[in-house]
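Let me begin by presenting the structure, written as structure tokens, before commenting on it.
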Amino acid sequence: MPDYTRSSRPGPRRLPKDVVKFDQRERLMTALATVVHEKGYERTTITDIVTTAAIARKTFYEHFADREDCFLATFYALDRHSRSLMEAACEREGGAEWPDRVAATLAAALDFFSQNPEAARVLLVDSAGLGEAIRPRVDAYTDWLVARLGQGRPPEVTAGAGLTEPIDEAIVTGVRTVLANRISAGQEDVTPLIGEVIESVLGPYVGFDRAREVAARHS
Amino acid sequence: MTSAPGLVLAREPRRQRLIEAVATVVAEAGYVNLTVARIVGEAHVSRRTFYDNFANPGVALVESHAAVADWLLAAIARRCRDEEDSMARVRMALEMVFGFAAREPRLAGLLTVDGVALDPELSKRIAVTSHRFVALLRKARRDLPLSESGWIEVSLVGGAAAVLTRYLAAGEQQRLDQLLPELSRWMLLSPI
């Protein structure tokens, strides 16, 4: 990699074009999340996004076809980021049993949403019901969460509960509905819900008494 | 599309045809392509008849959603009254929602329109419907302890609605039947 700190020319150094482009794209996505958080996707305009990002309108169109394209890219970036945080939290539990790994994953998700209300709006609230373009992305995020819930679950626990994947999906989307309702109502700190979330996700599989014990360890 | 006899969504037959046409256009062309021309073409009524009933396509969609929700909620409430315990009531309610989705997928699609986030009025109306289903579930589960916040019921209705939406979108509404036993068990399992 070239050393950009060394330059024989006086005056401000120029960053490589790729870096500038990457930075502009990130600023535009951050601006979109900020504006969506303030006024909702439906009322967000490209003017709002470029003004907040302090970037020329023309530059917006170098990166995105339209507002929906920018929303999709932002959703994708946040989706990936939240996944990696949840995966890391789960891995930190190391050899712990399945319920504790799930609880740690959920706690990480709720922490992330509470600390990043802009991201929570994009991922949980404004992405719902945006039509066919965004639906596959939202479904993919749900599928990943469902797969995550089932990962490492002992087969005897799954068989004992007698529940199949669509119920996992109902559990995951049920929690998402509650979080989305809270966030839409302006209650952005969802961490106080961690106990109830863990119980409702684990209870159907390990029983509600055990789920409560696990929740107590992670609340 | 003509719905089953007995499924009365409006007193006036032409209004009923318009509601059914709204459902068909949304199912076939998507919410964003809902226009007066498409609706009246499907309903075989004049534009004037459309405007006698609705101010614009957005209003037509909101009111069509409300008509379907009113009909289904009233039908479920009537049937659940005769059931003796929570298990039977919850199972009956789910059977009715899924049965309705299997027989009338287009009308059921009006309960969970994709694209709602783009229309604040429709969003609000769908939130109202969702609260009514939550209230119905609380009533059906009345033998069980109820949560003060309604947290669990919101999560159960939200989860079931998401599954319904996904199956409808995939055209697999007939498979919803297989899910009934475990979905109703899950809805009763979750304590407060």
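In the structure tokens, chains take the letters A, B, ... in the order shown, each chain's residues start at 1, and ligands count up from 1 in the order shown.
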
Quiz item: Using the chain letters and numbers from this document, which residues of chain B does DSSP assign to helix (DSSP H, G or I), as a VMD selection string?
Solution: chain B and resid 13 to 29 31 to 33 36 to 43 47 to 53 57 to 81 86 to 103 105 to 112 116 to 118 120 to 140 151 to 169 173 to 189

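With the cut-off set to 8 Å and only C-alpha atoms counted, chain A residues close to chain B are Tyr41, Glu42, Asp126, Ser127, Ala128, Gly129, Leu130, Gly131, Glu132, Gly162, Leu163, Pro166, Ile167, Glu169, Ala170, Ile171, Val172, Thr173, Gly174, Val175, Arg176, Thr177, Val178, Ser200, Gly203, Pro204 and Phe208 of chain A.
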
Keeping only N, CA, C and O atoms, take the residues you just selected and write them out as a tab-separated table (two decimals), in the first residue's frame.
chain	number	residue	atom	x	y	z
A	41	TYR	N	-39.00	6.42	6.45
A	41	TYR	CA	-38.56	6.26	5.06
A	41	TYR	C	-39.49	6.98	4.10
A	41	TYR	O	-39.05	7.62	3.15
A	42	GLU	N	-40.77	6.87	4.36
A	42	GLU	CA	-41.76	7.40	3.42
A	42	GLU	C	-41.55	8.91	3.16
A	42	GLU	O	-41.73	9.37	2.05
A	126	ASP	N	-38.60	0.42	9.38
A	126	ASP	CA	-38.92	0.95	8.05
A	126	ASP	C	-38.73	-0.05	6.92
A	126	ASP	O	-39.21	0.17	5.81
A	127	SER	N	-38.04	-1.16	7.19
A	127	SER	CA	-37.87	-2.16	6.13
A	127	SER	C	-39.12	-3.01	5.96
A	127	SER	O	-39.31	-3.64	4.93
A	128	ALA	N	-39.98	-3.02	6.98
A	128	ALA	CA	-41.18	-3.86	6.90
A	128	ALA	C	-42.19	-3.23	5.95
A	128	ALA	O	-42.51	-2.06	6.09
A	129	GLY	N	-42.63	-3.99	5.01
A	129	GLY	CA	-43.68	-3.50	4.12
A	129	GLY	C	-43.21	-2.49	3.08
A	129	GLY	O	-43.97	-1.66	2.64
A	130	LEU	N	-41.95	-2.57	2.68
A	130	LEU	CA	-41.48	-1.62	1.65
A	130	LEU	C	-41.68	-2.16	0.24
A	130	LEU	O	-41.24	-1.57	-0.73
A	131	GLY	N	-42.28	-3.32	0.14
A	131	GLY	CA	-42.58	-3.85	-1.19
A	131	GLY	C	-41.58	-4.89	-1.66
A	131	GLY	O	-40.68	-5.30	-0.92
A	132	GLU	N	-41.74	-5.27	-2.92
A	132	GLU	CA	-41.03	-6.44	-3.44
A	132	GLU	C	-39.51	-6.28	-3.48
A	132	GLU	O	-38.79	-7.26	-3.35
A	162	GLY	N	-41.21	-30.61	19.69
A	162	GLY	CA	-42.15	-30.93	18.60
A	162	GLY	C	-42.48	-29.71	17.75
A	162	GLY	O	-43.57	-29.60	17.22
A	163	LEU	N	-41.53	-28.78	17.64
A	163	LEU	CA	-41.78	-27.57	16.85
A	163	LEU	C	-40.86	-27.58	15.63
A	163	LEU	O	-39.71	-27.99	15.72
A	166	PRO	N	-41.06	-23.32	10.78
A	166	PRO	CA	-41.98	-22.17	10.72
A	166	PRO	C	-42.29	-21.58	12.10
A	166	PRO	O	-42.55	-20.39	12.21
A	167	ILE	N	-42.23	-22.41	13.13
A	167	ILE	CA	-42.49	-21.87	14.48
A	167	ILE	C	-41.29	-21.03	14.92
A	167	ILE	O	-41.46	-19.98	15.55
A	169	GLU	N	-39.59	-19.31	12.96
A	169	GLU	CA	-39.78	-18.06	12.23
A	169	GLU	C	-40.82	-17.19	12.96
A	169	GLU	O	-40.66	-15.98	13.08
A	170	ALA	N	-41.88	-17.84	13.45
A	170	ALA	CA	-42.91	-17.09	14.18
A	170	ALA	C	-42.32	-16.49	15.46
A	170	ALA	O	-42.62	-15.36	15.82
A	171	ILE	N	-41.44	-17.26	16.13
A	171	ILE	CA	-40.82	-16.77	17.36
A	171	ILE	C	-39.96	-15.54	17.05
A	171	ILE	O	-40.06	-14.50	17.71
A	172	VAL	N	-39.12	-15.67	16.03
A	172	VAL	CA	-38.20	-14.58	15.66
A	172	VAL	C	-38.99	-13.34	15.21
A	172	VAL	O	-38.74	-12.22	15.66
A	173	THR	N	-39.97	-13.53	14.34
A	173	THR	CA	-40.71	-12.37	13.82
A	173	THR	C	-41.63	-11.79	14.90
A	173	THR	O	-41.91	-10.60	14.88
A	174	GLY	N	-42.06	-12.65	15.83
A	174	GLY	CA	-42.86	-12.14	16.95
A	174	GLY	C	-42.06	-11.17	17.79
A	174	GLY	O	-42.52	-10.08	18.13
A	175	VAL	N	-40.82	-11.55	18.11
A	175	VAL	CA	-39.94	-10.67	18.89
A	175	VAL	C	-39.68	-9.39	18.09
A	175	VAL	O	-39.72	-8.27	18.63
A	176	ARG	N	-39.44	-9.55	16.80
A	176	ARG	CA	-39.17	-8.37	15.96
A	176	ARG	C	-40.37	-7.41	15.98
A	176	ARG	O	-40.20	-6.20	16.02
A	177	THR	N	-41.59	-7.97	15.95
A	177	THR	CA	-42.79	-7.13	15.98
A	177	THR	C	-42.83	-6.30	17.26
A	177	THR	O	-43.11	-5.09	17.22
A	178	VAL	N	-42.55	-6.96	18.39
A	178	VAL	CA	-42.58	-6.23	19.66
A	178	VAL	C	-41.52	-5.12	19.67
A	178	VAL	O	-41.81	-3.98	20.04
A	200	SER	N	-39.23	-15.81	25.92
A	200	SER	CA	-40.17	-16.18	24.86
A	200	SER	C	-39.49	-16.95	23.73
A	200	SER	O	-40.12	-17.72	23.04
A	203	GLY	N	-38.26	-20.48	25.94
A	203	GLY	CA	-39.33	-21.20	26.66
A	203	GLY	C	-39.97	-22.34	25.88
A	203	GLY	O	-40.08	-23.46	26.41
A	204	PRO	N	-40.37	-22.11	24.64
A	204	PRO	CA	-41.03	-23.20	23.90
A	204	PRO	C	-40.13	-24.43	23.76
A	204	PRO	O	-40.63	-25.53	23.54
A	208	PHE	N	-40.35	-22.95	30.43
A	208	PHE	CA	-40.24	-21.55	30.86
A	208	PHE	C	-39.48	-21.36	32.16
A	208	PHE	O	-38.89	-20.31	32.39

Self-check item: A:Arg137 surroundings by only C-alpha atoms, 10 Å radius, close-in-sequence under 2 positions cut, as a list of chain:residue names
Solution: A:Leu72, A:Phe75, A:Tyr76, A:Asp79, A:Ser127, A:Glu132, A:Ala133, A:Ile134, A:Arg135, A:Asp139, A:Ala140, A:Tyr141, A:Thr142, A:Asp143

Self-check item: Distance of atom CA of A:Leu85 from atom CA of A:Ala103, expressed in Å to one decimal place
Solution: 13.5 Å

Exercise. Rank A:Leu145, A:Ala185, A:Leu202, A:Ala31 by their smallest atom-to-atom distance to A:Ala161, using only C-alpha atoms, and report the top residue only.
Key: A:Leu202

Exercise. Name the residues in contact with B:Arg79 at a cut-off of 10 Å, using only C-alpha atoms, excluding same-chain residues fewer than 5 positions from it; report them as an NGL selection string.
Key: :B and (74 or 89 or 92-93 or 96)

Save the residues we just selected, N, CA, C and O atoms, as an mmCIF file, in the first residue's frame?
data_model
loop_
_atom_site.group_PDB
_atom_site.id
_atom_site.type_symbol
_atom_site.label_atom_id
_atom_site.label_comp_id
_atom_site.auth_asym_id
_atom_site.auth_seq_id
_atom_site.Cartn_x
_atom_site.Cartn_y
_atom_site.Cartn_z
ATOM 1 N N ALA B 74 -65.209 -10.476 13.121
ATOM 2 C CA ALA B 74 -66.570 -10.750 13.595
ATOM 3 C C ALA B 74 -66.878 -12.241 13.479
ATOM 4 O O ALA B 74 -67.457 -12.837 14.400
ATOM 5 N N ARG B 89 -60.469 -22.358 21.702
ATOM 6 C CA ARG B 89 -60.715 -21.028 21.110
ATOM 7 C C ARG B 89 -59.543 -20.577 20.240
ATOM 8 O O ARG B 89 -59.740 -20.093 19.123
ATOM 9 N N MET B 92 -59.468 -22.669 17.129
ATOM 10 C CA MET B 92 -60.559 -22.278 16.226
ATOM 11 C C MET B 92 -60.208 -20.975 15.491
ATOM 12 O O MET B 92 -60.395 -20.845 14.284
ATOM 13 N N ALA B 93 -59.678 -20.006 16.247
ATOM 14 C CA ALA B 93 -59.338 -18.706 15.642
ATOM 15 C C ALA B 93 -58.279 -18.891 14.548
ATOM 16 O O ALA B 93 -58.404 -18.347 13.442
ATOM 17 N N MET B 96 -59.664 -20.539 11.508
ATOM 18 C CA MET B 96 -60.476 -19.634 10.689
ATOM 19 C C MET B 96 -59.603 -18.691 9.865
ATOM 20 O O MET B 96 -59.878 -18.436 8.699
#

Can you tell me which residues surround A:Arg212 at a distance of at most 8 Å, considering only C-alpha atoms, apart from same-chain residues fewer than 4 positions away, and format the answer as an mmCIF file with N, CA, C and O atoms, in the first residue's frame?
data_model
loop_
_atom_site.group_PDB
_atom_site.id
_atom_site.type_symbol
_atom_site.label_atom_id
_atom_site.label_comp_id
_atom_site.auth_asym_id
_atom_site.auth_seq_id
_atom_site.Cartn_x
_atom_site.Cartn_y
_atom_site.Cartn_z
ATOM 1 N N GLY A 195 -34.989 -9.908 29.369
ATOM 2 C CA GLY A 195 -35.495 -11.082 30.097
ATOM 3 C C GLY A 195 -36.679 -11.711 29.376
ATOM 4 O O GLY A 195 -36.701 -12.923 29.110
ATOM 5 N N ILE A 198 -35.630 -13.343 25.992
ATOM 6 C CA ILE A 198 -34.965 -14.648 26.161
ATOM 7 C C ILE A 198 -35.998 -15.714 26.535
ATOM 8 O O ILE A 198 -36.007 -16.820 25.976
ATOM 9 N N GLU A 199 -36.893 -15.372 27.474
ATOM 10 C CA GLU A 199 -37.909 -16.356 27.884
ATOM 11 C C GLU A 199 -38.796 -16.781 26.724
ATOM 12 O O GLU A 199 -39.092 -17.963 26.560
ATOM 13 N N PHE A 208 -40.352 -22.946 30.431
ATOM 14 C CA PHE A 208 -40.243 -21.548 30.856
ATOM 15 C C PHE A 208 -39.481 -21.361 32.164
ATOM 16 O O PHE A 208 -38.894 -20.313 32.387
ATOM 17 N N ALA A 216 -32.122 -14.794 33.665
ATOM 18 C CA ALA A 216 -31.570 -14.103 34.846
ATOM 19 C C ALA A 216 -30.056 -13.936 34.715
ATOM 20 O O ALA A 216 -29.495 -12.936 35.149
#

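The interatomic distance for the pair atom CA of A:Glu38 and atom CA of A:Glu118 works out to 8.5 Å.
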
Quiz item: What does the distance between atom CA of B:Gln173 and atom CA of B:Val134 come to in Å, to one decimal place?
Solution: 22.0 Å

Exercise. Using only C-alpha atoms, pick whichever of A:Asp48, A:Glu156, A:Asp189, A:Asp69 has the shortest atom-to-atom distance to A:Asn116.
Key: A:Asp189

Quiz item: Can you tell me, as a ChimeraX atom specification, what residues are no more than 10 Å from A:Glu97 when counting only C-alpha atoms, ignoring any on the same chain fewer than 5 positions away?
Solution: /A:102,152-154

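With only C-alpha atoms as the atoms that count, the residue of B:Arg15, B:Gln178, B:Val26, B:Asp85 with the shortest distance to B:Phe54 is B:Arg15.
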
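Distance check against A:Trp144 using only C-alpha atoms: of A:Asp111, A:Asp100, A:Glu93, A:Glu87, the minimum falls on A:Glu87.
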
Exercise. For B:Asp143, list every protein, DNA or RNA residue within 10 Å, evaluated using only C-alpha atoms, and leave out those in the same chain fewer than 4 positions away; present the list as a PyMOL selection string.
Key: chain B and resi 84-87+138-139

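Nearest to B:His65 of all the residues B:Arg125, B:Arg38, B:Arg142, B:Arg78 is B:Arg125, based on only C-alpha atoms.
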